[in-house]
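Following: one structure in structure tokens, then a few remarks.
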Amino acid sequence: MLKIENLHAEIDGKEILKGLDLEIRPGEIHAIMGPNGAGKSTLGYVLGGRDGYEVTQGSVEFEGRNLLDMEPHERAAAGVFLGFQYPVEIPGISNVQFLREALNAQRKARGEEPLSGGEFLKRARAQADALGMEQDMLKRPVNVGFSGGEKKRNEMVQMGIIDPKFAILDETDSGLDIDALKTVGEGINRIMRKPDKAVLLITHYQRLLEYVEPDAVHVLAAGRIVRSGGPELAVELEREGYQAVAA
Amino acid sequence: MTDTLDLPTKRQEEWRWSDMAALEAAAQSPAGEAPDADGWFIDGLDGPRLVFVDGEYQAGRSDAGPVTLEQLSADTDHPLGRRAAGAGWVLRVGEGGAKTCIQIVHLGSGGANHVPARIELAADATASIVETYAGTGWANRLTQIDLARGARLMRSVRLLQSGGFVSLRDEAEIGEAASLVSIVLGAGDMGSRIDGNLRLTGDGAFAEMGGALLTRDSQSQEAAVVVHHAKPEGSSRQIWRAVAADTSTASLAARVEVARDAQHTDGEQSLRGLLLKRSATVNLKPELEIFADDVKCAHGATVGELDKRALFYLESRGVAPARAQALLTRAFVADALDRIGEEAVREAFADNADRWLESAL
Ligand SMILES: Nc1ncnc2c1ncn2[C@@H]1O[C@H](COP(=O)(O)OP(=O)(O)OP(=O)(O)O)[C@@H](O)[C@H]1O
Ligand SMILES: [Mg+2]
């Protein structure tokens with residue numbers, strides 16, 4: 001589904017990703033762990049197509065298409081979802097307005113009919129319910145005044161509404177309380193654990209992986225994958241730290 | 001022919017951002033055929049409808065309701081407003097008079113036209129007036145407003161001319177516990193100068209004048225408003241948004257004056273500019289002049305660009321770049337237009353802003 005080869009990327013002329021290889025097949029969930037500043041979020045932004053993240057070498061294929069050639073909104077329409085480590089506040093645009101606009105733009109790009117206001121609201125309410133988000137928050141401006149955990153939950157509600165093929169979730173677990181972590185974990189399984197979908201889960205903690213069991217765990221350090229293994233690698237990392245494991 | 005109009009010059013502080021050359025060109029443009037009035041009225045609003053073409057009242061195409069047509073003097077020393085003497089319109093509502101929503105459409109075909117207006121609301125009377133400017137030429141207006149105790153006026157003005165210039169001069173006296181809300185949207189391709197002088201002359205009066213100016217190409221629009229608090233317990237708001245694209249210029253000057261007697265004044269002034277291109281200009285000039293000691297005046301003035309992080313957030317969810325810009329820009333002006341009281345009017349103004357955004361981005 002996603003094939004990254006020898007990916008080099010820089011920000012402001014500073015190389016952050018230094019030859020990263022990763023392949024994720026349909027139906028798989030991969031976890032990426034690694035020290036602060038290793039380049040995990042950078043990888044997410046490069047896959048999302050953010051301005052200022054320049055790919056200098058390597059390739060990224062998504063379902064056989066060159067992902068790097070596509071604009072951010074085209075990547076979204078192709079089925080890529082980026083869950084942000086720091087979701088952005090947008091005053092003046094409500095959650096529902098934002099999401100309906102986004103979903104219908106994607107549907108249009110794929111040649112599908114737009115969802116009516118009623119159909120959309122039904123879908124949005126169901127996702128908010130499933131993820132334990134107050135219905136009121138759907139009407140509030142996007143992320144404005146949301147707590148850290150509420151923002152992360154909102155990312156998952158968005159993912160549920162958009163129903164992508166491939167999700168990159170950047171520290172979606174950070175800032176969640178213990179109950180929310182469980183709800184979000186179950187949400188990820190419900191929305192994404194399907195034979196034709198895949199997830200790249202960026203996390204610092206093994207805890208989320210107790211709910212969302214990964215098929216593979218990778219350690220990203222200094223811009224490269226330095227070690228890969230099964231779920232047991234996450235346990236080992238938690239016990240021994242990155243330095244010991246990545247050395 | 002430049003000196004025949006005797007216009008203010010950039011050397012005068014209050015006119016230094018004004019585009020009098022655009023006004024002059026509009027004044028000298030040839031008159032032709034004015035556009036149809038129909039599309040310019042807001043549907044779903046009952047009430048009188050008046051049409052002016054090149055400043056002349058069109059009795060056959062209007063239903064004036066309580067509005068009367070009268071000869072008016074231009075009792076002002078404002079350099080543009082004082083030209084507007086002659087045939088104009090008057091709305092007088094007697095004590096406790098109920099609310100009517102009056103729509104006035106001004107169509108211009110070219111050349112200069114001047115119309116004075118008076119709005120006089122007796123105690124506790126209410127009225128709402130929506131004015132739309134379309135077509136071209138120089139439309140010059142002087143509107144004098146007198147609100148008695150407890151009267152309430154909602155005034156919404158949209159400048160949608162495809163070219164030319166619109167200059168508005170509003171002068172208002174707002175009595176005890178009376179309220180004036182004036183919201184202006186500049187979303188056409190004309191130049192503009194919106195000039196206001198609002199005086200709170202009774203205790204506990206409320207005055208608001210604000211809106212959104214959207215400029216593109218080499219267009220210039222500007223608002224210059226003074227709110228004067230003469231009596232205690234008054235509140236005022238000036239919430240203006242300027243959005244400038246291409247090489248255009250949008251300028252906002254807002255001034256609050258609080259006299260020594262005007263204790264417990266609550267003033268809010270928010271001027272914000274958004275540059276859609278670095279080649280555009282937004283000028284902001286917030287001013288406070290306070291002589292009373294116990295007042296609250298919140299004010300802020302900022303110019304910026306669209307938030308890149310917010311743009312990427314929208315795009316990463318599937319929204320195309322131009323649409324993402326339009327959504328964020330609309331959110332930016334929403335604060336100013338949300339103050340319009342009637343839903344149908346608010347929505348019509350928001351639609352005009354949307355249409356502008358769609359074609360400018
Ligand atoms: N705009 C920028 N200019 C220069 N360097 C940057 C910029 N943005 C990020 N970096 C650097 O890139 C490196 C990787 O950052 P990134 O956010 O990808 O790390 P991360 O692995 O997600 O870390 P964390 O676990 O703290 O979230 C860091 O050293 C960071 O300082
Ligand atoms: Mg990060």
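We label chains A, B, ... in the order they appear in the structure tokens, count residues from 1 in each chain, and number ligands from 1 in the order shown.
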field: Spatial neighbours of range 87-94 of chain A, max dist 6 Å, only C-alpha atoms, sep filter under 3 positions, as a PyMOL selection string
entry: (chain A and resi 84+97+139-144) or (chain B and resi 331)
Export of prior selection with N, CA, C and O atoms as a PDB file, in the first residue's frame:
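Once written, out.pdb looks like this:
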ATOM      1  N   PHE A  84      -2.739  15.030  13.284  1.00  0.00           N
ATOM      2  CA  PHE A  84      -1.676  15.953  13.682  1.00  0.00           C
ATOM      3  C   PHE A  84      -1.251  15.774  15.136  1.00  0.00           C
ATOM      4  O   PHE A  84      -2.082  15.558  16.018  1.00  0.00           O
ATOM      5  N   GLN A  97     -18.772  22.426   9.649  1.00  0.00           N
ATOM      6  CA  GLN A  97     -18.579  23.129   8.388  1.00  0.00           C
ATOM      7  C   GLN A  97     -17.266  22.673   7.735  1.00  0.00           C
ATOM      8  O   GLN A  97     -17.224  22.333   6.553  1.00  0.00           O
ATOM      9  N   LYS A 139     -20.199  21.733  16.811  1.00  0.00           N
ATOM     10  CA  LYS A 139     -20.621  23.065  16.330  1.00  0.00           C
ATOM     11  C   LYS A 139     -19.594  24.135  16.648  1.00  0.00           C
ATOM     12  O   LYS A 139     -19.660  25.238  16.126  1.00  0.00           O
ATOM     13  N   ARG A 140     -18.674  23.809  17.527  1.00  0.00           N
ATOM     14  CA  ARG A 140     -17.690  24.825  17.922  1.00  0.00           C
ATOM     15  C   ARG A 140     -16.635  25.023  16.839  1.00  0.00           C
ATOM     16  O   ARG A 140     -16.392  24.147  16.028  1.00  0.00           O
ATOM     17  N   PRO A 141     -15.980  26.206  16.841  1.00  0.00           N
ATOM     18  CA  PRO A 141     -14.917  26.431  15.863  1.00  0.00           C
ATOM     19  C   PRO A 141     -13.828  25.369  16.030  1.00  0.00           C
ATOM     20  O   PRO A 141     -13.539  24.943  17.150  1.00  0.00           O
ATOM     21  N   VAL A 142     -13.246  24.961  14.920  1.00  0.00           N
ATOM     22  CA  VAL A 142     -12.292  23.859  14.890  1.00  0.00           C
ATOM     23  C   VAL A 142     -11.189  24.023  15.945  1.00  0.00           C
ATOM     24  O   VAL A 142     -10.384  24.958  15.857  1.00  0.00           O
ATOM     25  N   ASN A 143     -11.211  23.141  16.912  1.00  0.00           N
ATOM     26  CA  ASN A 143     -10.162  23.042  17.952  1.00  0.00           C
ATOM     27  C   ASN A 143     -10.005  24.265  18.857  1.00  0.00           C
ATOM     28  O   ASN A 143      -9.153  24.261  19.740  1.00  0.00           O
ATOM     29  N   VAL A 144     -10.776  25.322  18.631  1.00  0.00           N
ATOM     30  CA  VAL A 144     -10.568  26.542  19.416  1.00  0.00           C
ATOM     31  C   VAL A 144     -11.011  26.314  20.856  1.00  0.00           C
ATOM     32  O   VAL A 144     -12.153  25.949  21.119  1.00  0.00           O
TER      33      VAL A 144
ATOM     34  N   ALA B 331     -13.911  33.427   7.286  1.00  0.00           N
ATOM     35  CA  ALA B 331     -13.923  33.380   8.753  1.00  0.00           C
ATOM     36  C   ALA B 331     -13.348  34.678   9.323  1.00  0.00           C
ATOM     37  O   ALA B 331     -13.804  35.183  10.348  1.00  0.00           O
TER      38      ALA B 331
END
Exercise for review: Tell me which protein, DNA and RNA residues are within 12 Å of Met209 in chain B, counting only C-alpha atoms, leaving out same-chain ones fewer than 2 positions away, and put them as a VMD selection string.
Suggested key: chain B and resid 153 to 157 170 to 172 179 to 185 194 to 199 206 to 207 211 to 212 223 to 227 235 to 241 252 to 256 267 to 271 336 to 337 339 to 340
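Neighbours of Ser251 in chain B closer than or equal to 6 Å, with only C-alpha atoms counted and sequence neighbours fewer than 5 positions away skipped, come out as B:Glu222, B:Val282, B:Asn283, B:Leu284.
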From the list A:Arg100, A:Arg75, A:Lys197, A:Lys40, the nearest residue to ligand 2 using only C-alpha atoms and all ligand atoms is A:Lys40
| message | 9 Å from ligand 1 is the threshold here; counting only C-alpha atoms and all ligand atoms, which polymer residues fall inside it? Answer as a ChimeraX atom specification. | response | /A:10-17,33-45,52-53,85,170-171,202-204,220-223
From the list A:Ala130, A:Ala109, A:Ile32, A:Val199, the nearest residue to ligand 2 using only C-alpha atoms and all ligand atoms is A:Ile32
message: Tell me as JSON, numbers by chain which residues belonging to chain B come within 10 Å of chain A, counting only C-alpha atoms.
response: {"B": [307, 308, 309, 310, 311, 312, 313, 314, 315, 316, 317, 318, 319, 320, 321, 323, 324, 327, 328, 329, 330, 331, 332, 333, 334, 335]}
Can you write just those residues out, N, CA, C and O atoms, as an mmCIF file, in the first residue's frame?
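This is the output file part_26.cif:
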data_model
loop_
_atom_site.group_PDB
_atom_site.id
_atom_site.type_symbol
_atom_site.label_atom_id
_atom_site.label_comp_id
_atom_site.auth_asym_id
_atom_site.auth_seq_id
_atom_site.Cartn_x
_atom_site.Cartn_y
_atom_site.Cartn_z
ATOM 1 N N ASP B 307 -3.019 32.150 7.971
ATOM 2 C CA ASP B 307 -2.233 31.231 8.783
ATOM 3 C C ASP B 307 -1.859 29.996 7.953
ATOM 4 O O ASP B 307 -2.717 29.218 7.555
ATOM 5 N N LYS B 308 -0.565 29.837 7.699
ATOM 6 C CA LYS B 308 -0.105 28.745 6.833
ATOM 7 C C LYS B 308 -0.438 27.377 7.424
ATOM 8 O O LYS B 308 -0.742 26.429 6.719
ATOM 9 N N ARG B 309 -0.376 27.304 8.760
ATOM 10 C CA ARG B 309 -0.661 26.015 9.397
ATOM 11 C C ARG B 309 -2.130 25.649 9.200
ATOM 12 O O ARG B 309 -2.486 24.508 8.966
ATOM 13 N N ALA B 310 -2.991 26.667 9.307
ATOM 14 C CA ALA B 310 -4.420 26.408 9.118
ATOM 15 C C ALA B 310 -4.697 26.011 7.672
ATOM 16 O O ALA B 310 -5.516 25.117 7.405
ATOM 17 N N LEU B 311 -4.008 26.659 6.720
ATOM 18 C CA LEU B 311 -4.187 26.291 5.312
ATOM 19 C C LEU B 311 -3.804 24.832 5.082
ATOM 20 O O LEU B 311 -4.525 24.088 4.423
ATOM 21 N N PHE B 312 -2.656 24.430 5.650
ATOM 22 C CA PHE B 312 -2.222 23.044 5.449
ATOM 23 C C PHE B 312 -3.189 22.063 6.121
ATOM 24 O O PHE B 312 -3.489 20.997 5.580
ATOM 25 N N TYR B 313 -3.672 22.454 7.277
ATOM 26 C CA TYR B 313 -4.636 21.590 7.996
ATOM 27 C C TYR B 313 -5.870 21.346 7.115
ATOM 28 O O TYR B 313 -6.299 20.206 6.920
ATOM 29 N N LEU B 314 -6.402 22.417 6.538
ATOM 30 C CA LEU B 314 -7.569 22.289 5.658
ATOM 31 C C LEU B 314 -7.235 21.453 4.425
ATOM 32 O O LEU B 314 -7.996 20.571 4.023
ATOM 33 N N GLU B 315 -6.086 21.733 3.826
ATOM 34 C CA GLU B 315 -5.715 21.016 2.606
ATOM 35 C C GLU B 315 -5.485 19.540 2.884
ATOM 36 O O GLU B 315 -5.853 18.681 2.089
ATOM 37 N N SER B 316 -4.880 19.252 4.035
ATOM 38 C CA SER B 316 -4.587 17.854 4.345
ATOM 39 C C SER B 316 -5.875 17.065 4.594
ATOM 40 O O SER B 316 -5.870 15.854 4.601
ATOM 41 N N ARG B 317 -6.981 17.791 4.791
ATOM 42 C CA ARG B 317 -8.270 17.107 4.932
ATOM 43 C C ARG B 317 -9.021 17.044 3.611
ATOM 44 O O ARG B 317 -10.149 16.581 3.564
ATOM 45 N N GLY B 318 -8.406 17.597 2.554
ATOM 46 C CA GLY B 318 -9.009 17.449 1.242
ATOM 47 C C GLY B 318 -9.515 18.718 0.593
ATOM 48 O O GLY B 318 -10.004 18.702 -0.529
ATOM 49 N N VAL B 319 -9.404 19.846 1.284
ATOM 50 C CA VAL B 319 -9.910 21.104 0.730
ATOM 51 C C VAL B 319 -8.857 21.694 -0.212
ATOM 52 O O VAL B 319 -7.690 21.813 0.156
ATOM 53 N N ALA B 320 -9.273 22.052 -1.427
ATOM 54 C CA ALA B 320 -8.334 22.611 -2.409
ATOM 55 C C ALA B 320 -7.811 23.961 -1.921
ATOM 56 O O ALA B 320 -8.500 24.670 -1.191
ATOM 57 N N PRO B 321 -6.572 24.326 -2.334
ATOM 58 C CA PRO B 321 -5.945 25.523 -1.789
ATOM 59 C C PRO B 321 -6.788 26.801 -1.914
ATOM 60 O O PRO B 321 -6.901 27.561 -0.941
ATOM 61 N N ARG B 323 -9.975 27.171 -2.197
ATOM 62 C CA ARG B 323 -11.142 27.085 -1.327
ATOM 63 C C ARG B 323 -10.734 27.250 0.146
ATOM 64 O O ARG B 323 -11.438 27.881 0.931
ATOM 65 N N ALA B 324 -9.580 26.677 0.489
ATOM 66 C CA ALA B 324 -9.087 26.810 1.870
ATOM 67 C C ALA B 324 -8.832 28.281 2.196
ATOM 68 O O ALA B 324 -9.200 28.769 3.275
ATOM 69 N N LEU B 327 -12.212 29.997 2.652
ATOM 70 C CA LEU B 327 -12.844 29.676 3.939
ATOM 71 C C LEU B 327 -12.203 30.462 5.078
ATOM 72 O O LEU B 327 -12.888 31.006 5.943
ATOM 73 N N LEU B 328 -10.881 30.522 5.062
ATOM 74 C CA LEU B 328 -10.200 31.232 6.148
ATOM 75 C C LEU B 328 -10.444 32.737 6.056
ATOM 76 O O LEU B 328 -10.578 33.417 7.076
ATOM 77 N N THR B 329 -10.522 33.237 4.835
ATOM 78 C CA THR B 329 -10.773 34.671 4.664
ATOM 79 C C THR B 329 -12.194 35.009 5.091
ATOM 80 O O THR B 329 -12.453 36.023 5.734
ATOM 81 N N ARG B 330 -13.118 34.127 4.746
ATOM 82 C CA ARG B 330 -14.505 34.355 5.146
ATOM 83 C C ARG B 330 -14.613 34.350 6.666
ATOM 84 O O ARG B 330 -15.301 35.188 7.261
ATOM 85 N N ALA B 331 -13.911 33.427 7.286
ATOM 86 C CA ALA B 331 -13.923 33.380 8.753
ATOM 87 C C ALA B 331 -13.348 34.678 9.323
ATOM 88 O O ALA B 331 -13.804 35.183 10.348
ATOM 89 N N PHE B 332 -12.376 35.221 8.613
ATOM 90 C CA PHE B 332 -11.728 36.456 9.066
ATOM 91 C C PHE B 332 -12.694 37.636 9.058
ATOM 92 O O PHE B 332 -12.702 38.458 9.973
ATOM 93 N N VAL B 333 -13.534 37.731 8.013
ATOM 94 C CA VAL B 333 -14.454 38.876 7.959
ATOM 95 C C VAL B 333 -15.746 38.616 8.718
ATOM 96 O O VAL B 333 -16.521 39.543 8.965
ATOM 97 N N ALA B 334 -15.979 37.363 9.109
ATOM 98 C CA ALA B 334 -17.269 37.000 9.708
ATOM 99 C C ALA B 334 -17.608 37.854 10.938
ATOM 100 O O ALA B 334 -18.732 38.332 11.071
ATOM 101 N N ASP B 335 -16.640 38.087 11.796
ATOM 102 C CA ASP B 335 -16.868 38.883 13.014
ATOM 103 C C ASP B 335 -17.576 40.189 12.707
ATOM 104 O O ASP B 335 -18.431 40.638 13.443
#
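Among the candidate residues A:Pro114, A:Ala180, A:Asp173, A:Ala234, the one lying nearest to ligand 2 is A:Asp173, with distances computed using only C-alpha atoms and all ligand atoms.
Take the candidates A:Ile168, A:Val245, A:Val219, A:Leu176 and check each one against Gly148 in chain A using only C-alpha atoms; the shortest distance goes to A:Leu176.
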Can you tell me, as a PDB file with C-alpha atoms, in the first residue's frame, what residues are no more than 10 Å from Gln127 in chain A when counting only C-alpha atoms, ignoring any on the same chain fewer than 3 positions away?
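Saved file result32.pdb follows:
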ATOM      1  CA  LEU A 121     -24.708  15.347  10.344  1.00  0.00           C
ATOM      2  CA  LYS A 122     -25.845  11.797  10.960  1.00  0.00           C
ATOM      3  CA  ARG A 123     -22.405  10.506  10.179  1.00  0.00           C
ATOM      4  CA  ALA A 124     -20.704  13.197  12.277  1.00  0.00           C
ATOM      5  CA  ALA A 130     -18.447   6.461  19.280  1.00  0.00           C
ATOM      6  CA  LEU A 131     -15.419   8.500  20.299  1.00  0.00           C
ATOM      7  CA  GLY A 132     -17.011  10.050  23.371  1.00  0.00           C
ATOM      8  CA  MET A 133     -16.977  13.603  22.069  1.00  0.00           C
ATOM      9  CA  GLN A 135     -22.152  16.727  20.273  1.00  0.00           C
ATOM     10  CA  ASN A 154     -11.377  15.463  17.504  1.00  0.00           C
ATOM     11  CA  MET A 156     -10.139  10.706  15.532  1.00  0.00           C
ATOM     12  CA  VAL A 157     -13.694  11.939  14.990  1.00  0.00           C
ATOM     13  CA  GLN A 158     -12.431  13.522  11.783  1.00  0.00           C
ATOM     14  CA  MET A 159     -10.791  10.278  10.766  1.00  0.00           C
ATOM     15  CA  GLY A 160     -14.030   8.416  11.421  1.00  0.00           C
ATOM     16  CA  ILE A 161     -16.029  10.836   9.290  1.00  0.00           C
ATOM     17  CA  GLY A 187     -11.744   3.882  17.549  1.00  0.00           C
ATOM     18  CA  ILE A 191     -12.212   2.644  11.702  1.00  0.00           C
TER      19      ILE A 191
END
